[in-house]
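Text of the file structure.cif, holding mmCIF, C-alpha atoms; chains and numbers go by the auth columns:
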data_model
#
loop_
_atom_site.group_PDB
_atom_site.id
_atom_site.type_symbol
_atom_site.label_atom_id
_atom_site.label_comp_id
_atom_site.label_asym_id
_atom_site.label_seq_id
_atom_site.Cartn_x
_atom_site.Cartn_y
_atom_site.Cartn_z
_atom_site.B_iso_or_equiv
_atom_site.auth_seq_id
_atom_site.auth_asym_id
ATOM 1 C CA ASP A 1 32.578 -16.494 132.670 0.00 1 E
ATOM 2 C CA THR A 2 31.049 -13.124 133.526 0.00 2 E
ATOM 3 C CA GLU A 3 31.787 -13.220 137.220 0.00 3 E
ATOM 4 C CA VAL A 4 33.048 -10.392 139.357 0.00 4 E
ATOM 5 C CA THR A 5 33.828 -11.401 142.917 0.00 5 E
ATOM 6 C CA GLN A 6 33.982 -9.172 145.966 0.00 6 E
ATOM 7 C CA THR A 7 35.196 -9.733 149.495 0.00 7 E
ATOM 8 C CA PRO A 8 34.123 -9.473 152.190 0.00 8 E
ATOM 9 C CA LYS A 9 30.364 -9.814 151.794 0.00 9 E
ATOM 10 C CA HIS A 10 29.712 -7.893 154.975 0.00 10 E
ATOM 11 C CA LEU A 11 31.929 -5.523 156.930 0.00 11 E
ATOM 12 C CA VAL A 12 31.296 -3.694 160.180 0.00 12 E
ATOM 13 C CA MET A 13 33.864 -1.116 161.198 0.00 13 E
ATOM 14 C CA GLY A 14 34.314 1.702 163.634 0.00 14 E
ATOM 15 C CA MET A 15 35.086 5.235 162.619 0.00 15 E
ATOM 16 C CA THR A 16 38.764 4.884 163.534 0.00 16 E
ATOM 17 C CA ASN A 17 39.333 1.564 161.760 0.00 17 E
ATOM 18 C CA LYS A 18 41.237 0.947 158.547 0.00 18 E
ATOM 19 C CA LYS A 19 39.826 -1.734 156.278 0.00 19 E
ATOM 20 C CA SER A 20 39.930 -2.708 152.606 0.00 20 E
ATOM 21 C CA LEU A 21 37.386 -3.999 150.124 0.00 21 E
ATOM 22 C CA LYS A 22 38.564 -6.295 147.355 0.00 22 E
ATOM 23 C CA CYS A 23 37.275 -6.979 143.872 0.00 23 E
ATOM 24 C CA GLU A 24 38.500 -9.480 141.289 0.00 24 E
ATOM 25 C CA GLN A 25 37.571 -10.346 137.706 0.00 25 E
ATOM 26 C CA HIS A 26 39.107 -12.718 135.158 0.00 26 E
ATOM 27 C CA MET A 27 37.245 -11.619 132.041 0.00 27 E
ATOM 28 C CA GLY A 28 40.198 -9.695 130.647 0.00 28 E
ATOM 29 C CA HIS A 29 38.400 -6.417 131.261 0.00 29 E
ATOM 30 C CA ARG A 30 40.695 -3.413 131.532 0.00 30 E
ATOM 31 C CA ALA A 31 38.141 -1.026 133.047 0.00 31 E
ATOM 32 C CA MET A 32 37.043 -1.427 136.647 0.00 32 E
ATOM 33 C CA TYR A 33 34.647 0.632 138.711 0.00 33 E
ATOM 34 C CA TRP A 34 33.621 1.315 142.291 0.00 34 E
ATOM 35 C CA TYR A 35 30.035 2.305 143.003 0.00 35 E
ATOM 36 C CA LYS A 36 28.219 3.177 146.211 0.00 36 E
ATOM 37 C CA GLN A 37 24.586 2.165 146.550 0.00 37 E
ATOM 38 C CA LYS A 38 22.242 3.282 149.301 0.00 38 E
ATOM 39 C CA ALA A 39 19.058 1.329 149.974 0.00 39 E
ATOM 40 C CA LYS A 40 16.460 1.637 147.202 0.00 40 E
ATOM 41 C CA LYS A 41 18.679 4.039 145.253 0.00 41 E
ATOM 42 C CA PRO A 42 20.654 3.569 142.023 0.00 42 E
ATOM 43 C CA PRO A 43 24.386 2.950 142.166 0.00 43 E
ATOM 44 C CA GLU A 44 26.498 6.113 142.300 0.00 44 E
ATOM 45 C CA LEU A 45 29.829 6.037 140.516 0.00 45 E
ATOM 46 C CA MET A 46 32.851 6.664 142.744 0.00 46 E
ATOM 47 C CA PHE A 47 35.955 5.722 140.735 0.00 47 E
ATOM 48 C CA VAL A 48 36.897 4.372 137.330 0.00 48 E
ATOM 49 C CA TYR A 49 40.175 2.661 136.495 0.00 49 E
ATOM 50 C CA SER A 50 41.212 2.234 132.890 0.00 50 E
ATOM 51 C CA TYR A 51 44.310 0.142 132.152 0.00 51 E
ATOM 52 C CA GLU A 52 45.107 0.189 135.871 0.00 52 E
ATOM 53 C CA LYS A 53 45.165 3.987 135.964 0.00 53 E
ATOM 54 C CA LEU A 54 42.605 6.113 137.767 0.00 54 E
ATOM 55 C CA SER A 55 40.616 7.883 135.084 0.00 55 E
ATOM 56 C CA ILE A 56 37.591 9.163 136.984 0.00 56 E
ATOM 57 C CA ASN A 57 37.217 10.256 140.592 0.00 57 E
ATOM 58 C CA GLU A 58 33.700 11.546 141.191 0.00 58 E
ATOM 59 C CA SER A 59 34.698 13.955 143.962 0.00 59 E
ATOM 60 C CA VAL A 60 34.886 11.173 146.504 0.00 60 E
ATOM 61 C CA PRO A 61 36.222 12.092 149.989 0.00 61 E
ATOM 62 C CA SER A 62 39.834 11.130 150.648 0.00 62 E
ATOM 63 C CA ARG A 63 38.786 8.677 153.355 0.00 63 E
ATOM 64 C CA PHE A 64 38.113 6.372 150.362 0.00 64 E
ATOM 65 C CA SER A 65 41.313 5.410 148.569 0.00 65 E
ATOM 66 C CA PRO A 66 41.168 3.146 145.497 0.00 66 E
ATOM 67 C CA GLU A 67 44.004 0.997 144.259 0.00 67 E
ATOM 68 C CA CYS A 68 44.371 -1.159 141.172 0.00 68 E
ATOM 69 C CA PRO A 69 47.424 -3.421 141.711 0.00 69 E
ATOM 70 C CA ASN A 70 46.933 -5.318 138.432 0.00 70 E
ATOM 71 C CA SER A 71 44.440 -5.799 135.634 0.00 71 E
ATOM 72 C CA SER A 72 42.353 -8.311 137.594 0.00 72 E
ATOM 73 C CA LEU A 73 42.223 -6.692 141.014 0.00 73 E
ATOM 74 C CA LEU A 74 40.676 -3.558 142.429 0.00 74 E
ATOM 75 C CA ASN A 75 40.832 -2.490 146.072 0.00 75 E
ATOM 76 C CA LEU A 76 39.077 0.205 148.029 0.00 76 E
ATOM 77 C CA HIS A 77 40.903 1.267 151.184 0.00 77 E
ATOM 78 C CA LEU A 78 38.756 2.756 153.907 0.00 78 E
ATOM 79 C CA HIS A 79 39.920 4.974 156.767 0.00 79 E
ATOM 80 C CA ALA A 80 38.126 7.211 159.234 0.00 80 E
ATOM 81 C CA LEU A 81 34.727 6.607 157.704 0.00 81 E
ATOM 82 C CA GLN A 82 31.505 8.179 158.915 0.00 82 E
ATOM 83 C CA PRO A 83 28.213 6.420 159.708 0.00 83 E
ATOM 84 C CA GLU A 84 26.691 7.972 156.585 0.00 84 E
ATOM 85 C CA ASP A 85 29.212 5.983 154.533 0.00 85 E
ATOM 86 C CA SER A 86 27.275 2.831 155.396 0.00 86 E
ATOM 87 C CA ALA A 87 26.074 1.392 152.094 0.00 87 E
ATOM 88 C CA LEU A 88 26.499 -1.408 149.581 0.00 88 E
ATOM 89 C CA TYR A 89 29.771 -0.984 147.701 0.00 89 E
ATOM 90 C CA LEU A 90 29.677 -2.461 144.237 0.00 90 E
ATOM 91 C CA CYS A 91 32.532 -3.291 141.931 0.00 91 E
ATOM 92 C CA ALA A 92 32.046 -3.616 138.191 0.00 92 E
ATOM 93 C CA SER A 93 34.218 -4.319 135.196 0.00 93 E
ATOM 94 C CA SER A 94 33.958 -3.819 131.463 0.00 94 E
ATOM 95 C CA GLN A 95 35.938 -3.554 128.273 0.00 95 E
ATOM 96 C CA VAL A 96 37.600 -0.155 128.058 0.00 96 E
ATOM 97 C CA PRO A 97 35.213 2.078 126.118 0.00 97 E
ATOM 98 C CA THR A 98 36.655 3.601 122.987 0.00 98 E
ATOM 99 C CA SER A 99 35.009 5.436 120.142 0.00 99 E
ATOM 100 C CA GLY A 100 32.424 3.228 118.478 0.00 100 E
ATOM 101 C CA THR A 101 32.559 0.465 121.058 0.00 101 E
ATOM 102 C CA THR A 102 30.386 -0.411 123.951 0.00 102 E
ATOM 103 C CA ASP A 103 31.073 -1.291 127.546 0.00 103 E
ATOM 104 C CA THR A 104 28.566 -3.520 129.228 0.00 104 E
ATOM 105 C CA GLN A 105 29.378 -3.408 132.906 0.00 105 E
ATOM 106 C CA TYR A 106 29.276 -6.609 134.908 0.00 106 E
ATOM 107 C CA PHE A 107 28.699 -6.200 138.606 0.00 107 E
ATOM 108 C CA GLY A 108 29.902 -8.066 141.633 0.00 108 E
ATOM 109 C CA PRO A 109 27.606 -8.943 144.537 0.00 109 E
ATOM 110 C CA GLY A 110 28.840 -6.033 146.615 0.00 110 E
ATOM 111 C CA THR A 111 30.150 -5.545 150.120 0.00 111 E
ATOM 112 C CA ARG A 112 27.571 -4.446 152.681 0.00 112 E
ATOM 113 C CA LEU A 113 29.429 -1.911 154.831 0.00 113 E
ATOM 114 C CA THR A 114 28.214 -0.695 158.214 0.00 114 E
ATOM 115 C CA VAL A 115 30.107 2.094 159.952 0.00 115 E
ATOM 116 C CA LEU A 116 29.416 2.389 163.663 0.00 116 E
ATOM 117 C CA ALA B 1 24.157 16.866 131.751 0.00 1 M
ATOM 118 C CA GLN B 2 22.982 13.493 130.631 0.00 2 M
ATOM 119 C CA SER B 3 20.118 12.167 132.740 0.00 3 M
ATOM 120 C CA VAL B 4 17.970 9.074 132.861 0.00 4 M
ATOM 121 C CA SER B 5 14.425 9.053 134.175 0.00 5 M
ATOM 122 C CA GLN B 6 12.150 6.167 135.003 0.00 6 M
ATOM 123 C CA HIS B 7 8.447 6.826 134.994 0.00 7 M
ATOM 124 C CA ASN B 8 7.377 4.881 138.030 0.00 8 M
ATOM 125 C CA HIS B 9 8.896 4.664 141.471 0.00 9 M
ATOM 126 C CA HIS B 10 6.895 1.593 142.507 0.00 10 M
ATOM 127 C CA VAL B 11 4.732 -0.705 140.411 0.00 11 M
ATOM 128 C CA ILE B 12 2.462 -3.339 141.935 0.00 12 M
ATOM 129 C CA LEU B 13 1.038 -6.087 139.741 0.00 13 M
ATOM 130 C CA SER B 14 -0.675 -9.405 140.143 0.00 14 M
ATOM 131 C CA GLU B 15 0.861 -12.536 138.671 0.00 15 M
ATOM 132 C CA ALA B 16 0.189 -12.980 134.947 0.00 16 M
ATOM 133 C CA ALA B 17 -0.324 -9.245 134.434 0.00 17 M
ATOM 134 C CA SER B 18 1.620 -7.522 131.680 0.00 18 M
ATOM 135 C CA LEU B 19 4.472 -5.190 132.562 0.00 19 M
ATOM 136 C CA GLU B 20 5.842 -2.061 130.993 0.00 20 M
ATOM 137 C CA LEU B 21 8.445 0.064 132.756 0.00 21 M
ATOM 138 C CA GLY B 22 9.310 3.374 131.213 0.00 22 M
ATOM 139 C CA CYS B 23 12.795 4.801 130.711 0.00 23 M
ATOM 140 C CA ASN B 24 13.734 8.078 129.057 0.00 24 M
ATOM 141 C CA TYR B 25 17.119 9.704 128.630 0.00 25 M
ATOM 142 C CA SER B 26 18.209 13.187 127.747 0.00 26 M
ATOM 143 C CA TYR B 27 21.369 12.608 125.704 0.00 27 M
ATOM 144 C CA GLY B 28 21.001 13.386 122.010 0.00 28 M
ATOM 145 C CA GLY B 29 23.930 11.512 120.519 0.00 29 M
ATOM 146 C CA THR B 30 24.595 7.831 120.002 0.00 30 M
ATOM 147 C CA VAL B 31 23.854 5.872 123.141 0.00 31 M
ATOM 148 C CA ASN B 32 23.950 2.330 124.386 0.00 32 M
ATOM 149 C CA LEU B 33 21.060 1.326 126.590 0.00 33 M
ATOM 150 C CA PHE B 34 20.743 -1.247 129.341 0.00 34 M
ATOM 151 C CA TRP B 35 18.264 -2.662 131.788 0.00 35 M
ATOM 152 C CA TYR B 36 19.604 -4.157 134.990 0.00 36 M
ATOM 153 C CA VAL B 37 17.638 -6.017 137.641 0.00 37 M
ATOM 154 C CA GLN B 38 18.438 -6.306 141.333 0.00 38 M
ATOM 155 C CA TYR B 39 16.537 -9.038 143.159 0.00 39 M
ATOM 156 C CA PRO B 40 16.142 -8.599 146.923 0.00 40 M
ATOM 157 C CA GLY B 41 19.487 -9.096 148.594 0.00 41 M
ATOM 158 C CA GLN B 42 21.242 -9.850 145.327 0.00 42 M
ATOM 159 C CA HIS B 43 23.577 -8.022 142.984 0.00 43 M
ATOM 160 C CA LEU B 44 22.836 -6.170 139.794 0.00 44 M
ATOM 161 C CA GLN B 45 22.304 -8.451 136.817 0.00 45 M
ATOM 162 C CA LEU B 46 22.115 -7.455 133.178 0.00 46 M
ATOM 163 C CA LEU B 47 18.653 -8.143 131.727 0.00 47 M
ATOM 164 C CA LEU B 48 19.236 -6.862 128.217 0.00 48 M
ATOM 165 C CA LYS B 49 21.070 -4.238 126.216 0.00 49 M
ATOM 166 C CA TYR B 50 20.733 -2.286 123.004 0.00 50 M
ATOM 167 C CA PHE B 51 23.742 -1.214 120.964 0.00 51 M
ATOM 168 C CA SER B 52 22.491 -1.003 117.384 0.00 52 M
ATOM 169 C CA GLY B 53 20.299 -2.777 114.841 0.00 53 M
ATOM 170 C CA ASP B 54 16.822 -4.116 115.613 0.00 54 M
ATOM 171 C CA PRO B 55 15.305 -1.693 118.137 0.00 55 M
ATOM 172 C CA LEU B 56 13.364 -4.523 119.756 0.00 56 M
ATOM 173 C CA VAL B 57 15.765 -6.471 121.923 0.00 57 M
ATOM 174 C CA LYS B 58 15.083 -9.614 123.858 0.00 58 M
ATOM 175 C CA GLY B 59 16.718 -10.391 127.155 0.00 59 M
ATOM 176 C CA ILE B 60 16.717 -13.073 129.758 0.00 60 M
ATOM 177 C CA LYS B 61 13.676 -14.361 131.659 0.00 61 M
ATOM 178 C CA GLY B 62 11.184 -13.315 128.979 0.00 62 M
ATOM 179 C CA PHE B 63 11.946 -9.587 129.115 0.00 63 M
ATOM 180 C CA GLU B 64 12.193 -7.389 126.067 0.00 64 M
ATOM 181 C CA ALA B 65 12.715 -3.702 125.464 0.00 65 M
ATOM 182 C CA GLU B 66 12.064 -1.353 122.580 0.00 66 M
ATOM 183 C CA PHE B 67 14.332 1.525 121.663 0.00 67 M
ATOM 184 C CA ILE B 68 12.393 4.446 120.176 0.00 68 M
ATOM 185 C CA LYS B 69 14.985 6.993 119.120 0.00 69 M
ATOM 186 C CA SER B 70 12.488 9.765 118.374 0.00 70 M
ATOM 187 C CA LYS B 71 11.125 9.512 121.890 0.00 71 M
ATOM 188 C CA PHE B 72 14.493 8.978 123.623 0.00 72 M
ATOM 189 C CA SER B 73 12.886 5.982 125.261 0.00 73 M
ATOM 190 C CA PHE B 74 13.860 2.409 126.074 0.00 74 M
ATOM 191 C CA ASN B 75 10.872 0.807 127.774 0.00 75 M
ATOM 192 C CA LEU B 76 11.038 -2.622 129.341 0.00 76 M
ATOM 193 C CA ARG B 77 8.213 -5.106 128.817 0.00 77 M
ATOM 194 C CA LYS B 78 7.140 -8.563 129.851 0.00 78 M
ATOM 195 C CA PRO B 79 3.827 -10.101 128.762 0.00 79 M
ATOM 196 C CA SER B 80 3.164 -12.057 131.958 0.00 80 M
ATOM 197 C CA VAL B 81 4.975 -11.386 135.223 0.00 81 M
ATOM 198 C CA GLN B 82 5.686 -13.902 137.943 0.00 82 M
ATOM 199 C CA TRP B 83 6.106 -13.485 141.681 0.00 83 M
ATOM 200 C CA SER B 84 9.833 -14.131 141.166 0.00 84 M
ATOM 201 C CA ASP B 85 10.077 -10.936 139.077 0.00 85 M
ATOM 202 C CA THR B 86 9.745 -8.888 142.254 0.00 86 M
ATOM 203 C CA ALA B 87 12.866 -6.729 142.196 0.00 87 M
ATOM 204 C CA GLU B 88 14.318 -3.291 141.565 0.00 88 M
ATOM 205 C CA TYR B 89 14.781 -2.455 137.881 0.00 89 M
ATOM 206 C CA PHE B 90 17.344 0.083 136.696 0.00 90 M
ATOM 207 C CA CYS B 91 17.624 1.587 133.259 0.00 91 M
ATOM 208 C CA ALA B 92 21.133 2.766 132.331 0.00 92 M
ATOM 209 C CA VAL B 93 22.567 4.786 129.480 0.00 93 M
ATOM 210 C CA ASN B 94 26.115 4.910 128.195 0.00 94 M
ATOM 211 C CA ASN B 95 27.260 7.548 125.734 0.00 95 M
ATOM 212 C CA GLY B 96 30.839 6.257 125.601 0.00 96 M
ATOM 213 C CA GLN B 97 31.966 8.680 128.279 0.00 97 M
ATOM 214 C CA ASN B 98 29.448 8.369 131.068 0.00 98 M
ATOM 215 C CA PHE B 99 27.480 5.424 132.357 0.00 99 M
ATOM 216 C CA VAL B 100 24.372 6.764 134.094 0.00 100 M
ATOM 217 C CA PHE B 101 21.716 4.842 135.987 0.00 101 M
ATOM 218 C CA GLY B 102 18.103 5.866 136.298 0.00 102 M
ATOM 219 C CA PRO B 103 16.582 6.133 139.778 0.00 103 M
ATOM 220 C CA GLY B 104 15.066 2.658 139.589 0.00 104 M
ATOM 221 C CA THR B 105 11.554 1.216 139.617 0.00 105 M
ATOM 222 C CA ARG B 106 10.532 -1.204 142.321 0.00 106 M
ATOM 223 C CA LEU B 107 8.298 -3.968 141.006 0.00 107 M
ATOM 224 C CA SER B 108 6.175 -5.933 143.453 0.00 108 M
ATOM 225 C CA VAL B 109 4.307 -8.920 142.043 0.00 109 M
ATOM 226 C CA LEU B 110 1.516 -10.267 144.203 0.00 110 M
ATOM 227 C CA PRO B 111 0.982 -14.043 144.149 0.00 111 M
#
Turn this file's structure into structure tokens for me.
Amino acid sequence: DTEVTQTPKHLVMGMTNKKSLKCEQHMGHRAMYWYKQKAKKPPELMFVYSYEKLSINESVPSRFSPECPNSSLLNLHLHALQPEDSALYLCASSQVPTSGTTDTQYFGPGTRLTVL
Amino acid sequence: AQSVSQHNHHVILSEAASLELGCNYSYGGTVNLFWYVQYPGQHLQLLLKYFSGDPLVKGIKGFEAEFIKSKFSFNLRKPSVQWSDTAEYFCAVNNGQNFVFGPGTRLSVLP
């Protein structure tokens, strides 16, 4: 099973709302990722969790707050977003990359976020 | 900084035409290479990957790619495209520390 699931599929929120995106995988992967993808652009890495600890934060604004409550779950908490934050938010998971190994990333279907 | 380039922004082909999408990367060390496809309205799916060994790798749906180390290239090919191959194609490179996507090539196949 190479499935990564994400909820919700679509989310519309106002600039003062607080919402959360959820991601789940049961492949035993210990690395999980959040990406942001604008239309017709490649995914841009936001955060990487390795063994449930934040290992990479690509200078993402604090209005995005990731959380990894356990090895299967990854959340992205959203607060006070701007209209330009509207995008497809993708979750991915992989084995934790170590020297000499590889980490194919498996992607979820994404959450289409619209900020009004 | 490691970068990935894809030669074409948009490719338009007729059904049964042959396809080659270019991908070049700038990193000089050992890399792992991937092609992902994103069909309209769908999520990223792995087409194929190269880690080591035979530089010609075969993926799903009749796609293959050839790793040419001397040219830092990993071009994607398919001998005969179908209308259902219409999608965005992303090359990606992993050097063990960074996973970087290319800008993508949009393929439109005309029926």
Considering only C-alpha atoms, give me a table of residues in chain E that are at most 12 Å from chain M, with the closest atom pair and distance in Å for each, as CSV.
residue,atom,partner,partner_atom,distance
E:Thr2,CA,M:Gln45,CA,10.4
E:Glu3,CA,M:Gln45,CA,10.6
E:Val4,CA,M:His43,CA,10.4
E:Thr5,CA,M:His43,CA,10.8
E:Gln6,CA,M:His43,CA,10.9
E:Lys9,CA,M:Gln42,CA,11.2
E:Tyr33,CA,M:Phe99,CA,10.7
E:Tyr35,CA,M:Phe101,CA,11.2
E:Gln37,CA,M:His43,CA,10.8
E:Lys38,CA,M:Pro103,CA,11.4
E:Ala39,CA,M:Gly41,CA,10.5
E:Lys40,CA,M:Glu88,CA,7.8
E:Lys41,CA,M:Pro103,CA,6.2
E:Pro42,CA,M:Pro103,CA,5.3
E:Pro43,CA,M:Phe101,CA,7.0
E:Glu44,CA,M:Phe101,CA,8.0
E:Leu45,CA,M:Val100,CA,8.5
E:Met46,CA,M:Phe99,CA,11.8
E:Phe47,CA,M:Phe99,CA,11.9
E:Val48,CA,M:Asn98,CA,10.5
E:Ser55,CA,M:Gln97,CA,11.0
E:Ile56,CA,M:Asn98,CA,10.1
E:Glu58,CA,M:Asn98,CA,11.4
E:Leu88,CA,M:His43,CA,9.8
E:Tyr89,CA,M:His43,CA,10.5
E:Leu90,CA,M:His43,CA,8.3
E:Cys91,CA,M:His43,CA,10.2
E:Ala92,CA,M:Leu44,CA,9.7
E:Ser94,CA,M:Phe99,CA,11.3
E:Gln95,CA,M:Gly96,CA,11.4
E:Val96,CA,M:Gly96,CA,9.6
E:Pro97,CA,M:Gly96,CA,6.1
E:Thr98,CA,M:Gly96,CA,6.9
E:Ser99,CA,M:Gly96,CA,6.9
E:Gly100,CA,M:Gly96,CA,7.9
E:Thr101,CA,M:Gly96,CA,7.6
E:Thr102,CA,M:Gly96,CA,6.9
E:Asp103,CA,M:Gly96,CA,7.8
E:Thr104,CA,M:Lys49,CA,8.1
E:Gln105,CA,M:Leu46,CA,8.3
E:Tyr106,CA,M:Leu46,CA,7.4
E:Phe107,CA,M:Leu44,CA,6.0
E:Gly108,CA,M:His43,CA,6.5
E:Pro109,CA,M:His43,CA,4.4
E:Gly110,CA,M:His43,CA,6.7
E:Thr111,CA,M:His43,CA,10.0
E:Arg112,CA,M:Gly41,CA,10.2
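Proximity of M:Pro111, M:Gly29, M:Gly22, M:Gly53 to Phe74 of chain M, computed with all atoms listed in the file, is greatest for M:Gly22.
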**Asked** So how far away is atom CA of Met32 of chain E from atom CA of Lys18 of chain E, in Å?
**Response**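 We find that atom CA of Lys18 of chain E and atom CA of Met32 of chain E lie 22.4 Å from each other.
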**Request:** Using the chain letters and residue numbers of this document, give as a PyMOL selection string the residues selected by the PyMOL selection byres ((chain M and resi 85) around 12).
**Result:** chain M and resi 11-19+37-40+47+60-63+77-78+80-84+86-89+106-111
**Item:** Selected residue, from M:Val57, M:His10, M:Tyr27, M:Ser52, that lies nearest to Leu76 of chain M when counting only C-alpha atoms
**Value:** M:Val57
**Message:** Show me the residues close to (36.4, 0.1, 163.4) - anything with an atom within 12 Å, counting all atoms listed in the file - and format the list as a PyMOL selection string.
**Reply:** chain E and resi 11-20+78-83+113-116
**Request:** Would you work out the distance separating atom CA of His7 of chain M from atom CA of Cys23 of chain M, expressed in Å to one decimal?
**Result:**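 Computing the Euclidean distance for atom CA of His7 of chain M and atom CA of Cys23 of chain M yields 6.4 Å.
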**Message:** Using Å and a single decimal, report how far atom CA of Ser73 of chain M sits from atom CA of Ser3 of chain M.
**Reply:** 12.1 Å
**Request:** Kindly indicate which residue among M:Gln6, M:Phe72, M:Tyr25, M:Asp54 lies nearest to Val93 of chain M, using only C-alpha atoms for the distances.
**Result:** M:Tyr25
**Pick from E:Tyr49, E:Leu76, E:Ser71, E:Ala87, whichever lies nearest to Gln25 of chain E using all atoms listed in the file** =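 Going through E:Tyr49, E:Leu76, E:Ser71, E:Ala87 one by one, the smallest distance to Gln25 of chain E is for E:Ser71.
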Centre and edge lengths, as JSON, for the axis-aligned box enclosing every listed atom of segment 5-15 of chain M with 6 Å of padding on each of the six sides, in Å to one decimal?
{"center_x": 6.9, "center_y": -1.7, "center_z": 138.3, "size_x": 27.1, "size_y": 33.6, "size_z": 20.3}
**Request:** Tell me which protein, DNA and RNA residues are within 6 Å of Cys68 of chain E, counting all atoms listed in the file, leaving out same-chain ones fewer than 4 positions away, and put them as number ranges by chain.
**Result:** E: 52, 73-74
Given the selection you just returned, output its residues as a file containing C-alpha atoms, formatted as a PDB file, keeping the file's coordinate frame.
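Done, and the output landed in out.pdb:
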ATOM      1  CA  GLU E  52      45.107   0.189 135.871  1.00  0.00           C
ATOM      2  CA  LEU E  73      42.223  -6.692 141.014  1.00  0.00           C
ATOM      3  CA  LEU E  74      40.676  -3.558 142.429  1.00  0.00           C
TER       4      LEU E  74
END
